[in-house]
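Q: PDB, C-alpha atoms, file data39.pdb:
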```pdb
ATOM      1  CA  MET A 595     132.149  79.297 -10.017
ATOM      2  CA  THR A 596     128.820  78.238 -11.496
ATOM      3  CA  SER A 597     128.136  78.979 -15.176
ATOM      4  CA  PRO A 598     125.498  81.676 -15.876
ATOM      5  CA  LEU A 599     123.546  78.800 -17.453
ATOM      6  CA  GLY A 600     123.773  76.614 -14.364
ATOM      7  CA  ARG A 601     126.120  73.809 -13.400
ATOM      8  CA  PRO A 602     126.775  71.755 -16.562
ATOM      9  CA  LEU A 603     126.758  67.968 -16.748
ATOM     10  CA  LEU A 604     129.483  66.528 -18.983
ATOM     11  CA  ILE A 605     128.107  63.353 -20.556
ATOM     12  CA  VAL A 606     131.164  61.422 -21.715
ATOM     13  CA  ASN A 607     130.970  58.591 -24.238
ATOM     14  CA  GLN A 608     134.179  56.606 -23.903
ATOM     15  CA  GLN A 609     132.951  54.151 -26.537
ATOM     16  CA  ALA A 610     133.598  56.875 -29.118
ATOM     17  CA  GLY A 611     137.303  56.036 -28.795
ATOM     18  CA  ARG A 612     138.392  55.193 -25.264
ATOM     19  CA  ARG A 613     141.998  56.399 -25.176
ATOM     20  CA  LYS A 614     141.338  59.561 -27.164
ATOM     21  CA  VAL A 615     138.253  60.471 -25.148
ATOM     22  CA  GLU A 616     140.067  59.946 -21.836
ATOM     23  CA  ALA A 617     142.827  62.304 -22.970
ATOM     24  CA  VAL A 618     140.301  64.912 -24.126
ATOM     25  CA  VAL A 619     138.428  64.741 -20.821
ATOM     26  CA  ARG A 620     141.638  65.187 -18.791
ATOM     27  CA  ARG A 621     142.557  68.298 -20.751
ATOM     28  CA  LEU A 622     138.988  69.591 -20.675
ATOM     29  CA  GLU A 623     138.682  69.208 -16.907
ATOM     30  CA  GLY A 624     142.021  70.926 -16.392
ATOM     31  CA  ALA A 625     140.931  73.837 -18.561
ATOM     32  CA  LEU A 626     137.546  74.141 -16.818
ATOM     33  CA  ALA A 627     139.328  74.178 -13.460
ATOM     34  CA  GLY A 628     141.472  76.995 -14.807
ATOM     35  CA  HIS A 629     138.289  78.971 -15.457
ATOM     36  CA  GLY A 630     137.123  78.184 -11.927
ATOM     37  CA  MET A 631     134.029  76.478 -13.354
ATOM     38  CA  ASP A 632     131.941  73.985 -11.372
ATOM     39  CA  TYR A 633     130.632  70.973 -13.282
ATOM     40  CA  ASP A 634     129.623  67.320 -12.972
ATOM     41  CA  VAL A 635     130.775  64.351 -15.063
ATOM     42  CA  CYS A 636     129.017  61.113 -15.972
ATOM     43  CA  THR A 637     130.382  58.392 -18.243
ATOM     44  CA  THR A 638     128.007  56.393 -20.413
ATOM     45  CA  GLY A 639     127.797  52.638 -19.980
ATOM     46  CA  GLY A 640     126.334  51.646 -23.343
ATOM     47  CA  PRO A 641     123.793  52.536 -26.055
ATOM     48  CA  GLY A 642     120.996  54.766 -24.819
ATOM     49  CA  HIS A 643     122.717  55.657 -21.534
ATOM     50  CA  ALA A 644     123.544  59.214 -22.638
ATOM     51  CA  SER A 645     119.827  59.829 -23.249
ATOM     52  CA  HIS A 646     119.025  58.468 -19.784
ATOM     53  CA  LEU A 647     121.638  60.695 -18.127
ATOM     54  CA  ALA A 648     120.395  63.766 -19.999
ATOM     55  CA  ARG A 649     116.765  63.110 -19.134
ATOM     56  CA  GLU A 650     117.587  62.471 -15.474
ATOM     57  CA  ARG A 651     119.541  65.710 -15.155
ATOM     58  CA  LEU A 652     116.794  67.821 -16.696
ATOM     59  CA  GLU A 653     114.120  66.193 -14.545
ATOM     60  CA  GLU A 654     116.220  67.147 -11.504
ATOM     61  CA  GLY A 655     116.061  70.784 -12.594
ATOM     62  CA  GLY A 656     119.320  71.096 -14.545
ATOM     63  CA  ARG A 657     119.446  72.878 -17.872
ATOM     64  CA  PHE A 658     123.014  72.712 -19.245
ATOM     65  CA  LEU A 659     124.185  69.439 -20.845
ATOM     66  CA  VAL A 660     127.530  68.888 -22.583
ATOM     67  CA  ALA A 661     127.951  65.982 -25.012
ATOM     68  CA  VAL A 662     131.583  64.805 -24.998
ATOM     69  CA  GLY A 663     132.061  62.404 -27.900
ATOM     70  CA  GLY A 664     130.964  62.141 -31.535
ATOM     71  CA  ASP A 665     127.772  62.776 -33.467
ATOM     72  CA  GLY A 666     126.155  59.714 -31.909
ATOM     73  CA  THR A 667     126.666  61.194 -28.442
ATOM     74  CA  VAL A 668     125.058  64.458 -29.530
ATOM     75  CA  HIS A 669     122.168  62.432 -30.977
ATOM     76  CA  GLU A 670     121.557  60.598 -27.714
ATOM     77  CA  VAL A 671     121.831  63.703 -25.521
ATOM     78  CA  VAL A 672     119.373  65.577 -27.755
ATOM     79  CA  ASN A 673     116.879  62.726 -27.566
ATOM     80  CA  GLY A 674     117.217  62.689 -23.793
ATOM     81  CA  MET A 675     115.966  66.285 -23.717
ATOM     82  CA  PHE A 676     112.479  65.279 -24.896
ATOM     83  CA  VAL A 677     109.524  63.549 -23.277
ATOM     84  CA  ASP A 678     106.207  63.197 -25.126
ATOM     85  CA  GLY A 679     107.510  65.362 -27.953
ATOM     86  CA  ARG A 680     108.480  68.343 -25.783
ATOM     87  CA  THR A 681     111.668  69.416 -24.066
ATOM     88  CA  ILE A 682     111.657  68.573 -20.360
ATOM     89  CA  VAL A 683     112.644  72.138 -19.474
ATOM     90  CA  PRO A 684     112.221  75.268 -21.620
ATOM     91  CA  GLU A 685     115.201  75.882 -23.894
ATOM     92  CA  PRO A 686     117.739  73.429 -22.483
ATOM     93  CA  VAL A 687     121.335  74.314 -23.347
ATOM     94  CA  LEU A 688     123.510  71.935 -25.373
ATOM     95  CA  GLY A 689     127.290  72.123 -25.279
ATOM     96  CA  VAL A 690     129.436  69.882 -27.507
ATOM     97  CA  VAL A 691     133.071  68.840 -27.098
ATOM     98  CA  ALA A 692     134.242  66.786 -30.064
ATOM     99  CA  ALA A 693     136.074  63.623 -29.101
ATOM    100  CA  GLY A 694     136.510  60.048 -30.237
ATOM    101  CA  SER A 695     135.610  58.839 -33.706
ATOM    102  CA  GLY A 696     134.540  62.237 -35.027
ATOM    103  CA  CYS A 697     131.939  64.979 -34.697
ATOM    104  CA  ASP A 698     130.697  66.647 -37.877
ATOM    105  CA  PHE A 699     128.018  68.578 -36.001
ATOM    106  CA  VAL A 700     130.520  71.145 -34.631
ATOM    107  CA  ARG A 701     131.811  72.021 -38.116
ATOM    108  CA  THR A 702     128.650  73.915 -39.064
ATOM    109  CA  PHE A 703     129.141  76.328 -36.166
ATOM    110  CA  GLY A 704     132.934  76.584 -36.250
ATOM    111  CA  LEU A 705     133.124  75.259 -32.690
ATOM    112  CA  PRO A 706     136.673  74.514 -31.497
ATOM    113  CA  THR A 707     137.840  70.920 -31.184
ATOM    114  CA  ALA A 708     140.777  71.669 -28.878
ATOM    115  CA  PRO A 709     139.709  70.985 -25.250
ATOM    116  CA  ALA A 710     141.154  74.244 -23.884
ATOM    117  CA  GLU A 711     139.273  76.347 -26.434
ATOM    118  CA  ALA A 712     136.109  74.300 -25.922
ATOM    119  CA  ALA A 713     136.363  74.907 -22.156
ATOM    120  CA  ALA A 714     136.573  78.656 -22.706
ATOM    121  CA  ARG A 715     133.344  78.529 -24.723
ATOM    122  CA  LEU A 716     131.596  76.423 -22.087
ATOM    123  CA  ALA A 717     132.604  78.856 -19.344
ATOM    124  CA  GLY A 718     131.045  81.813 -21.154
ATOM    125  CA  ALA A 719     127.403  82.871 -21.351
ATOM    126  CA  GLU A 720     126.862  83.086 -25.116
ATOM    127  CA  THR A 721     124.344  80.763 -26.778
ATOM    128  CA  ARG A 722     122.485  80.659 -30.082
ATOM    129  CA  SER A 723     119.158  79.191 -31.126
ATOM    130  CA  LEU A 724     119.267  75.676 -32.561
ATOM    131  CA  ASP A 725     116.607  74.008 -34.673
ATOM    132  CA  LEU A 726     116.151  70.263 -34.336
ATOM    133  CA  ALA A 727     114.183  67.769 -36.412
ATOM    134  CA  ARG A 728     111.743  65.019 -35.498
ATOM    135  CA  ILE A 729     111.673  61.924 -37.708
ATOM    136  CA  GLY A 730     109.046  59.202 -37.774
ATOM    137  CA  TYR A 731     110.024  55.887 -39.367
ATOM    138  CA  VAL A 732     109.431  52.124 -39.284
ATOM    139  CA  ASP A 733     111.722  50.002 -37.110
ATOM    140  CA  ALA A 734     113.015  46.481 -37.780
ATOM    141  CA  HIS A 735     109.864  44.976 -36.235
ATOM    142  CA  GLY A 736     107.485  46.973 -38.400
ATOM    143  CA  SER A 737     106.500  49.382 -35.623
ATOM    144  CA  SER A 738     106.302  53.164 -35.988
ATOM    145  CA  ARG A 739     108.996  55.023 -34.065
ATOM    146  CA  THR A 740     110.033  58.625 -33.519
ATOM    147  CA  ARG A 741     113.458  60.144 -32.886
ATOM    148  CA  HIS A 742     114.997  63.602 -32.907
ATOM    149  CA  PHE A 743     118.176  64.616 -34.689
ATOM    150  CA  ALA A 744     120.397  67.680 -34.672
ATOM    151  CA  ASN A 745     122.430  67.353 -37.837
ATOM    152  CA  ILE A 746     121.526  65.228 -40.863
ATOM    153  CA  ALA A 747     119.328  62.261 -41.781
ATOM    154  CA  GLU A 748     119.456  60.108 -44.921
ATOM    155  CA  ALA A 749     117.281  57.565 -46.677
ATOM    156  CA  GLY A 750     118.729  55.255 -49.326
ATOM    157  CA  LEU A 751     122.393  54.802 -50.150
ATOM    158  CA  GLY A 752     123.430  56.895 -47.142
ATOM    159  CA  GLY A 753     121.382  54.803 -44.762
ATOM    160  CA  SER A 754     122.857  51.580 -46.149
ATOM    161  CA  THR A 755     126.353  53.061 -45.941
ATOM    162  CA  ALA A 756     125.866  54.078 -42.302
ATOM    163  CA  ALA A 757     124.713  50.545 -41.493
ATOM    164  CA  ARG A 758     127.878  49.152 -43.079
ATOM    165  CA  ALA A 759     130.046  51.735 -41.289
ATOM    166  CA  GLY A 760     128.623  50.612 -37.950
ATOM    167  CA  GLY A 761     130.235  47.218 -38.442
ATOM    168  CA  LEU A 762     133.713  48.566 -39.213
ATOM    169  CA  PRO A 763     136.444  48.989 -36.553
ATOM    170  CA  ARG A 764     136.196  52.248 -34.601
ATOM    171  CA  LEU A 765     139.943  52.718 -34.935
ATOM    172  CA  LEU A 766     139.257  53.887 -38.501
ATOM    173  CA  GLY A 767     137.705  57.012 -36.994
ATOM    174  CA  PRO A 768     135.920  59.352 -39.424
ATOM    175  CA  SER A 769     137.263  57.244 -42.339
ATOM    176  CA  ARG A 770     134.766  54.492 -41.493
ATOM    177  CA  TYR A 771     132.084  56.204 -43.569
ATOM    178  CA  PHE A 772     134.442  56.561 -46.541
ATOM    179  CA  PHE A 773     135.371  52.864 -46.543
ATOM    180  CA  ALA A 774     131.755  51.832 -45.930
ATOM    181  CA  PHE A 775     130.622  53.900 -48.912
ATOM    182  CA  TRP A 776     132.925  52.057 -51.309
ATOM    183  CA  ALA A 777     131.926  48.714 -49.827
ATOM    184  CA  THR A 778     128.202  49.462 -50.157
ATOM    185  CA  LEU A 779     128.022  51.127 -53.585
ATOM    186  CA  PRO A 780     128.566  48.105 -55.906
ATOM    187  CA  SER A 781     125.623  46.078 -54.572
ATOM    188  CA  TYR A 782     123.258  48.970 -53.850
ATOM    189  CA  HIS A 783     120.080  49.200 -55.968
ATOM    190  CA  PRO A 784     118.248  52.556 -56.311
ATOM    191  CA  GLY A 785     114.453  52.585 -56.049
ATOM    192  CA  THR A 786     111.412  54.733 -56.699
ATOM    193  CA  MET A 787     110.417  57.308 -54.106
ATOM    194  CA  ARG A 788     107.579  59.795 -53.677
ATOM    195  CA  ILE A 789     108.561  62.929 -51.771
ATOM    196  CA  GLU A 790     106.161  65.515 -50.403
ATOM    197  CA  VAL A 791     107.405  68.847 -49.053
ATOM    198  CA  ASP A 792     104.955  70.893 -46.997
ATOM    199  CA  GLY A 793     102.042  68.936 -48.443
ATOM    200  CA  GLU A 794     103.041  69.243 -52.115
ATOM    201  CA  VAL A 795     104.525  66.449 -54.250
ATOM    202  CA  ALA A 796     108.081  67.567 -55.068
ATOM    203  CA  HIS A 797     109.500  64.373 -56.572
ATOM    204  CA  GLU A 798     108.211  61.014 -57.705
ATOM    205  CA  GLY A 799     110.647  58.702 -59.461
ATOM    206  CA  ARG A 800     114.103  57.163 -59.392
ATOM    207  CA  THR A 801     115.992  57.946 -56.203
ATOM    208  CA  VAL A 802     119.482  56.927 -55.119
ATOM    209  CA  ASN A 803     119.671  58.852 -51.867
ATOM    210  CA  VAL A 804     117.843  61.542 -49.929
ATOM    211  CA  VAL A 805     119.588  63.892 -47.513
ATOM    212  CA  VAL A 806     117.507  65.886 -45.031
ATOM    213  CA  ALA A 807     119.839  68.459 -43.539
ATOM    214  CA  ASN A 808     119.695  70.753 -40.545
ATOM    215  CA  GLY A 809     123.494  71.096 -40.398
ATOM    216  CA  ARG A 810     126.027  71.271 -43.224
ATOM    217  CA  PHE A 811     128.579  68.497 -42.671
ATOM    218  CA  PHE A 812     128.526  64.727 -42.222
ATOM    219  CA  GLY A 813     130.447  61.562 -43.086
ATOM    220  CA  GLY A 814     133.820  62.713 -41.749
ATOM    221  CA  GLY A 815     133.986  66.198 -43.237
ATOM    222  CA  MET A 816     131.704  66.064 -46.295
ATOM    223  CA  HIS A 817     130.190  69.510 -46.896
ATOM    224  CA  ILE A 818     126.945  67.944 -48.054
ATOM    225  CA  SER A 819     124.486  70.827 -47.516
ATOM    226  CA  PRO A 820     126.237  74.199 -47.959
ATOM    227  CA  LYS A 821     122.988  76.184 -47.768
ATOM    228  CA  SER A 822     121.790  74.803 -44.428
ATOM    229  CA  ASP A 823     121.163  77.233 -41.584
ATOM    230  CA  PRO A 824     120.256  75.369 -38.367
ATOM    231  CA  SER A 825     118.328  78.327 -36.980
ATOM    232  CA  ASP A 826     116.138  79.346 -39.946
ATOM    233  CA  GLY A 827     113.148  77.122 -39.155
ATOM    234  CA  THR A 828     113.496  75.009 -42.297
ATOM    235  CA  LEU A 829     115.287  71.873 -43.504
ATOM    236  CA  GLU A 830     117.313  71.500 -46.688
ATOM    237  CA  LEU A 831     116.574  68.471 -48.862
ATOM    238  CA  LEU A 832     118.926  67.004 -51.465
ATOM    239  CA  VAL A 833     117.507  64.245 -53.679
ATOM    240  CA  PHE A 834     120.085  62.300 -55.695
ATOM    241  CA  THR A 835     118.313  61.027 -58.819
ATOM    242  CA  GLY A 836     121.080  60.229 -61.309
ATOM    243  CA  ARG A 837     123.226  57.208 -61.984
ATOM    244  CA  LYS A 838     124.665  55.336 -59.066
ATOM    245  CA  THR A 839     128.140  56.094 -60.394
ATOM    246  CA  ASP A 840     127.471  59.828 -59.948
ATOM    247  CA  SER A 841     127.864  59.216 -56.227
ATOM    248  CA  PHE A 842     131.594  58.597 -56.509
ATOM    249  CA  THR A 843     132.407  60.894 -59.442
ATOM    250  CA  MET A 844     131.108  63.872 -57.464
ATOM    251  CA  LEU A 845     132.573  62.703 -54.129
ATOM    252  CA  PRO A 846     135.655  64.989 -54.228
ATOM    253  CA  LYS A 847     133.364  67.972 -54.808
ATOM    254  CA  VAL A 848     131.155  66.978 -51.869
ATOM    255  CA  TYR A 849     134.054  67.476 -49.441
ATOM    256  CA  ARG A 850     134.395  71.046 -50.739
ATOM    257  CA  GLY A 851     130.661  71.752 -50.925
ATOM    258  CA  ARG A 852     130.847  72.228 -54.696
ATOM    259  CA  HIS A 853     128.586  69.372 -55.802
ATOM    260  CA  VAL A 854     125.554  71.650 -56.098
ATOM    261  CA  PRO A 855     123.976  72.806 -58.285
ATOM    262  CA  HIS A 856     123.989  69.543 -60.265
ATOM    263  CA  PRO A 857     121.493  68.208 -62.831
ATOM    264  CA  SER A 858     121.179  64.940 -60.880
ATOM    265  CA  ILE A 859     120.517  66.611 -57.503
ATOM    266  CA  LEU A 860     117.113  68.080 -56.727
ATOM    267  CA  GLU A 861     117.450  70.833 -54.101
ATOM    268  CA  LEU A 862     114.389  71.521 -51.956
ATOM    269  CA  ARG A 863     113.566  73.271 -48.691
ATOM    270  CA  GLY A 864     110.674  72.870 -46.297
ATOM    271  CA  ARG A 865     109.302  72.374 -42.806
ATOM    272  CA  CYS A 866     107.636  68.971 -43.193
ATOM    273  CA  ILE A 867     108.855  66.188 -45.485
ATOM    274  CA  ARG A 868     107.184  62.872 -46.299
ATOM    275  CA  LEU A 869     109.180  60.007 -47.853
ATOM    276  CA  GLU A 870     107.404  56.972 -49.343
ATOM    277  CA  SER A 871     109.015  54.237 -51.437
ATOM    278  CA  GLU A 872     108.029  51.023 -53.189
ATOM    279  CA  GLN A 873     110.903  49.222 -51.479
ATOM    280  CA  PRO A 874     112.028  50.177 -47.957
ATOM    281  CA  PHE A 875     114.915  52.667 -47.930
ATOM    282  CA  SER A 876     117.318  52.398 -44.984
ATOM    283  CA  ILE A 877     117.333  55.479 -42.734
ATOM    284  CA  GLU A 878     120.085  56.936 -40.572
ATOM    285  CA  ALA A 879     120.171  60.112 -38.509
ATOM    286  CA  ASP A 880     123.353  61.637 -37.050
ATOM    287  CA  GLY A 881     125.098  58.393 -38.067
ATOM    288  CA  GLU A 882     122.703  56.235 -36.015
ATOM    289  CA  ILE A 883     120.782  53.462 -37.805
ATOM    290  CA  LEU A 884     117.049  53.933 -37.265
ATOM    291  CA  GLY A 885     114.916  51.848 -39.621
ATOM    292  CA  THR A 886     113.239  52.297 -43.008
ATOM    293  CA  THR A 887     110.729  54.324 -44.972
ATOM    294  CA  PRO A 888     107.959  55.416 -44.990
ATOM    295  CA  ALA A 889     109.169  58.376 -42.993
ATOM    296  CA  THR A 890     108.098  61.873 -42.026
ATOM    297  CA  VAL A 891     110.543  64.601 -40.992
ATOM    298  CA  GLU A 892     109.494  67.909 -39.465
ATOM    299  CA  VAL A 893     111.582  70.806 -38.232
ATOM    300  CA  LEU A 894     111.313  71.975 -34.628
ATOM    301  CA  PRO A 895     112.216  75.683 -34.605
ATOM    302  CA  SER A 896     114.621  76.607 -31.804
ATOM    303  CA  PRO A 897     113.644  74.244 -28.960
ATOM    304  CA  VAL A 898     117.257  74.222 -27.711
ATOM    305  CA  ARG A 899     120.065  76.739 -27.146
ATOM    306  CA  LEU A 900     123.509  75.775 -28.421
ATOM    307  CA  LYS A 901     126.504  76.816 -26.320
ATOM    308  CA  VAL A 902     128.864  78.792 -28.530
TER     309      VAL A 902
END
```
Now that the file is in, can you turn its structure into structure tokens?
A:
Amino acid sequence: MTSPLGRPLLIVNQQAGRRKVEAVVRRLEGALAGHGMDYDVCTTGGPGHASHLARERLEEGGRFLVAVGGDGTVHEVVNGMFVDGRTIVPEPVLGVVAAGSGCDFVRTFGLPTAPAEAAARLAGAETRSLDLARIGYVDAHGSSRTRHFANIAEAGLGGSTAARAGGLPRLLGPSRYFFAFWATLPSYHPGTMRIEVDGEVAHEGRTVNVVVANGRFFGGGMHISPKSDPSDGTLELLVFTGRKTDSFTMLPKVYRGRHVPHPSILELRGRCIRLESEQPFSIEADGEILGTTPATVEVLPSPVRLKV
């Protein structure tokens, strides 16, 4: 049986946690077979390969891609959907099966993490609109680059923490971000940032971290942006301006989404955001290290359908 959305391609990232991912894929394939669903499977061979597989499938006329892995896998598959700033096919469909080191993206939508339940969703026809974001930044060589992201991007402490987390053992799973945060905080120095939202200056001054959110969760379960709606055509912006120590005193509240409102957090919303800083702020998106400021982030309203 072919899905109403076409034959899906499962793009599997075994680097997200080899043994766990293999077990998830076995159970997922068994459940899909139980639904009588036809599908194809490709396993990634390294960084960037998921984007290549996604792009190749869409150029061949496919439409339905399933990211099997963590947030980084979703990030690569999403970027593989675009060429020259546009999706290769109109409204490609993204399915996500959480596996490996963790996937915060699915938490916003309440998507199941159990393979059997995920298979049942993939076999159905229901989808919902999904906003994405395009971010322009400066890479390590000083060149301007552009990427897309589905969930959350950060500039500042979060970017530095993600860079540190990338060097920690994957066996730590979602806890890598937590340990990286405590390792990064003591030596981190806040800076001055100018932030424009939809052409208006919204903040100019001391900045510890900036979160640009399409989704609600990141960092292994932190409910960082409770007001985000990834289909409303806007992005939420949280600017942390207080003492560096505020970052860990409010940490328990962040996991519950109760850190806002807070006098040291500026809450903004917009469609186009410009970040400029005296010193370069490290930038990450969906847990992937990108580069530094200056940066521009713009929302892309509903270019993709999410399989729910």
Q: Show me, as a PyMOL selection string, the residues that have an atom within 6 Å of region 621-629 of chain A when counting all atoms listed in the file, minus same-chain residues fewer than 4 positions from it.
A: chain A and resi 709-710+713
Q: With C-alpha atoms retained, write the just-selected residues as a PDB file, keeping the file's coordinate frame.
A:
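The result, stored in result.pdb:
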```pdb
ATOM      1  CA  PRO A 709     139.709  70.985 -25.250  1.00  0.00           C
ATOM      2  CA  ALA A 710     141.154  74.244 -23.884  1.00  0.00           C
ATOM      3  CA  ALA A 713     136.363  74.907 -22.156  1.00  0.00           C
TER       4      ALA A 713
END
```
Q: For the structure provided, state which residues fall under the PyMOL selection byres ((chain A and resi 673-684) around 7), and present them as a list in words.
A: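 Given this file, the PyMOL selection byres ((chain A and resi 673-684) around 7) evaluates to Ser645, His646, Ala648, Arg649, Leu652, Glu653, His669, Glu670, Val671, Val672, Glu685, Pro686, Arg741 and His742 of chain A.
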Q: Please, could you write that set of residues out with C-alpha atoms as an mmCIF file, in the frame of the given file?
A:
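In the end it all went to part.cif:
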```cif
data_model
loop_
_atom_site.group_PDB
_atom_site.id
_atom_site.type_symbol
_atom_site.label_atom_id
_atom_site.label_comp_id
_atom_site.auth_asym_id
_atom_site.auth_seq_id
_atom_site.Cartn_x
_atom_site.Cartn_y
_atom_site.Cartn_z
ATOM 1 C CA SER A 645 119.827 59.829 -23.249
ATOM 2 C CA HIS A 646 119.025 58.468 -19.784
ATOM 3 C CA ALA A 648 120.395 63.766 -19.999
ATOM 4 C CA ARG A 649 116.765 63.110 -19.134
ATOM 5 C CA LEU A 652 116.794 67.821 -16.696
ATOM 6 C CA GLU A 653 114.120 66.193 -14.545
ATOM 7 C CA HIS A 669 122.168 62.432 -30.977
ATOM 8 C CA GLU A 670 121.557 60.598 -27.714
ATOM 9 C CA VAL A 671 121.831 63.703 -25.521
ATOM 10 C CA VAL A 672 119.373 65.577 -27.755
ATOM 11 C CA GLU A 685 115.201 75.882 -23.894
ATOM 12 C CA PRO A 686 117.739 73.429 -22.483
ATOM 13 C CA ARG A 741 113.458 60.144 -32.886
ATOM 14 C CA HIS A 742 114.997 63.602 -32.907
#
```
Q: Determine the nearest neighbour of Gly656 (chain A) from the options A:Thr707, A:Ser597, A:Thr638, A:Asn808, counting only C-alpha atoms.
A: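 Nearest to Gly656 (chain A): A:Ser597.
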Q: So, with only C-alpha atoms as the atoms that count, which of A:Leu832, A:Ile818, A:Ile729, A:Leu779 lies closest to Arg701 (chain A)?
A: A:Ile818
Q: Measuring atom to atom with only C-alpha atoms, identify which of A:Asp725, A:Glu711, A:Glu616, A:Glu720 is nearest to Asp826 (chain A).
A: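 Checking each candidate against Asp826 (chain A), we get A:Asp725 as the closest.
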Q: Could you list, as number ranges by chain, every residue within 6 Å of Leu659 (chain A), counting only C-alpha atoms and ignoring same-chain residues fewer than 3 positions away?
A: A: 602-603, 688
Q: Please list as a VMD selection string every residue within 12 Å of Glu830 (chain A), counting all atoms listed in the file and excluding residues in the same chain fewer than 6 positions away.
A: chain A and resid 727 745 to 748 791 804 to 810 818 to 824 860 to 867 891 to 893
Q: Excluding Thr596 (chain A) and any residue of its chain fewer than 3 positions from it, enumerate the residues within 6 Å of it, using all atoms listed in the file, and give them as a compact mmCIF listing (two decimals) with C-alpha atoms, keeping the file's coordinate frame.
A:
```
# COMPACT_ATOMS: atom_id res chain seq x y z
CA ARG A 601 126.12 73.81 -13.40
CA MET A 631 134.03 76.48 -13.35
CA ASP A 632 131.94 73.98 -11.37
```
Q: Taking the file as shown, what set of residues would the PyMOL selection byres ((chain A and resi 640) around 12) give back, as a ChimeraX atom specification?
A: /A:606-610,637-639,641-647,666-667,670
Q: If we count all atoms listed in the file and set the cut-off at 9 Å, which residues sit around Arg770 (chain A), ignoring sequence neighbours fewer than 3 positions away in its own chain? Please answer as a PyMOL selection string.
A: chain A and resi 695+756+758-760+762-767+773-775+813-814
Q: Keeping only C-alpha atoms, write the selected residues as a PDB file, in the coordinates of the input.
A:
```pdb
ATOM      1  CA  SER A 695     135.610  58.839 -33.706  1.00  0.00           C
ATOM      2  CA  ALA A 756     125.866  54.078 -42.302  1.00  0.00           C
ATOM      3  CA  ARG A 758     127.878  49.152 -43.079  1.00  0.00           C
ATOM      4  CA  ALA A 759     130.046  51.735 -41.289  1.00  0.00           C
ATOM      5  CA  GLY A 760     128.623  50.612 -37.950  1.00  0.00           C
ATOM      6  CA  LEU A 762     133.713  48.566 -39.213  1.00  0.00           C
ATOM      7  CA  PRO A 763     136.444  48.989 -36.553  1.00  0.00           C
ATOM      8  CA  ARG A 764     136.196  52.248 -34.601  1.00  0.00           C
ATOM      9  CA  LEU A 765     139.943  52.718 -34.935  1.00  0.00           C
ATOM     10  CA  LEU A 766     139.257  53.887 -38.501  1.00  0.00           C
ATOM     11  CA  GLY A 767     137.705  57.012 -36.994  1.00  0.00           C
ATOM     12  CA  PHE A 773     135.371  52.864 -46.543  1.00  0.00           C
ATOM     13  CA  ALA A 774     131.755  51.832 -45.930  1.00  0.00           C
ATOM     14  CA  PHE A 775     130.622  53.900 -48.912  1.00  0.00           C
ATOM     15  CA  GLY A 813     130.447  61.562 -43.086  1.00  0.00           C
ATOM     16  CA  GLY A 814     133.820  62.713 -41.749  1.00  0.00           C
TER      17      GLY A 814
END
```
Q: Can I get region 776-787 of chain A with N, CA and C atoms filled in, as a PDB file, keeping the file's coordinate frame?
A:
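Contents of selection-v6.pdb, freshly written:
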```pdb
ATOM      1  N   TRP A 776     132.393  52.830 -50.185  1.00  0.00           N
ATOM      2  CA  TRP A 776     132.925  52.057 -51.309  1.00  0.00           C
ATOM      3  C   TRP A 776     132.541  50.581 -51.208  1.00  0.00           C
ATOM      4  N   ALA A 777     132.335  50.102 -49.995  1.00  0.00           N
ATOM      5  CA  ALA A 777     131.926  48.714 -49.827  1.00  0.00           C
ATOM      6  C   ALA A 777     130.446  48.518 -50.153  1.00  0.00           C
ATOM      7  N   THR A 778     129.650  49.556 -49.964  1.00  0.00           N
ATOM      8  CA  THR A 778     128.202  49.462 -50.157  1.00  0.00           C
ATOM      9  C   THR A 778     127.779  49.726 -51.597  1.00  0.00           C
ATOM     10  N   LEU A 779     128.452  50.645 -52.269  1.00  0.00           N
ATOM     11  CA  LEU A 779     128.022  51.127 -53.585  1.00  0.00           C
ATOM     12  C   LEU A 779     127.808  50.033 -54.633  1.00  0.00           C
ATOM     13  N   PRO A 780     128.727  49.067 -54.809  1.00  0.00           N
ATOM     14  CA  PRO A 780     128.566  48.105 -55.906  1.00  0.00           C
ATOM     15  C   PRO A 780     127.267  47.306 -55.861  1.00  0.00           C
ATOM     16  N   SER A 781     126.810  46.931 -54.686  1.00  0.00           N
ATOM     17  CA  SER A 781     125.623  46.078 -54.572  1.00  0.00           C
ATOM     18  C   SER A 781     124.341  46.856 -54.282  1.00  0.00           C
ATOM     19  N   TYR A 782     124.436  48.177 -54.184  1.00  0.00           N
ATOM     20  CA  TYR A 782     123.258  48.970 -53.850  1.00  0.00           C
ATOM     21  C   TYR A 782     122.363  49.164 -55.068  1.00  0.00           C
ATOM     22  N   HIS A 783     121.039  49.036 -54.885  1.00  0.00           N
ATOM     23  CA  HIS A 783     120.080  49.200 -55.968  1.00  0.00           C
ATOM     24  C   HIS A 783     119.144  50.370 -55.666  1.00  0.00           C
ATOM     25  N   PRO A 784     119.168  51.430 -56.505  1.00  0.00           N
ATOM     26  CA  PRO A 784     118.248  52.556 -56.311  1.00  0.00           C
ATOM     27  C   PRO A 784     116.799  52.092 -56.446  1.00  0.00           C
ATOM     28  N   GLY A 785     115.868  52.915 -55.963  1.00  0.00           N
ATOM     29  CA  GLY A 785     114.453  52.585 -56.049  1.00  0.00           C
ATOM     30  C   GLY A 785     113.630  53.796 -56.444  1.00  0.00           C
ATOM     31  N   THR A 786     112.334  53.645 -56.374  1.00  0.00           N
ATOM     32  CA  THR A 786     111.412  54.733 -56.699  1.00  0.00           C
ATOM     33  C   THR A 786     110.869  55.326 -55.405  1.00  0.00           C
ATOM     34  N   MET A 787     110.880  56.647 -55.322  1.00  0.00           N
ATOM     35  CA  MET A 787     110.417  57.308 -54.106  1.00  0.00           C
ATOM     36  C   MET A 787     109.481  58.462 -54.452  1.00  0.00           C
TER      37      MET A 787
END
```
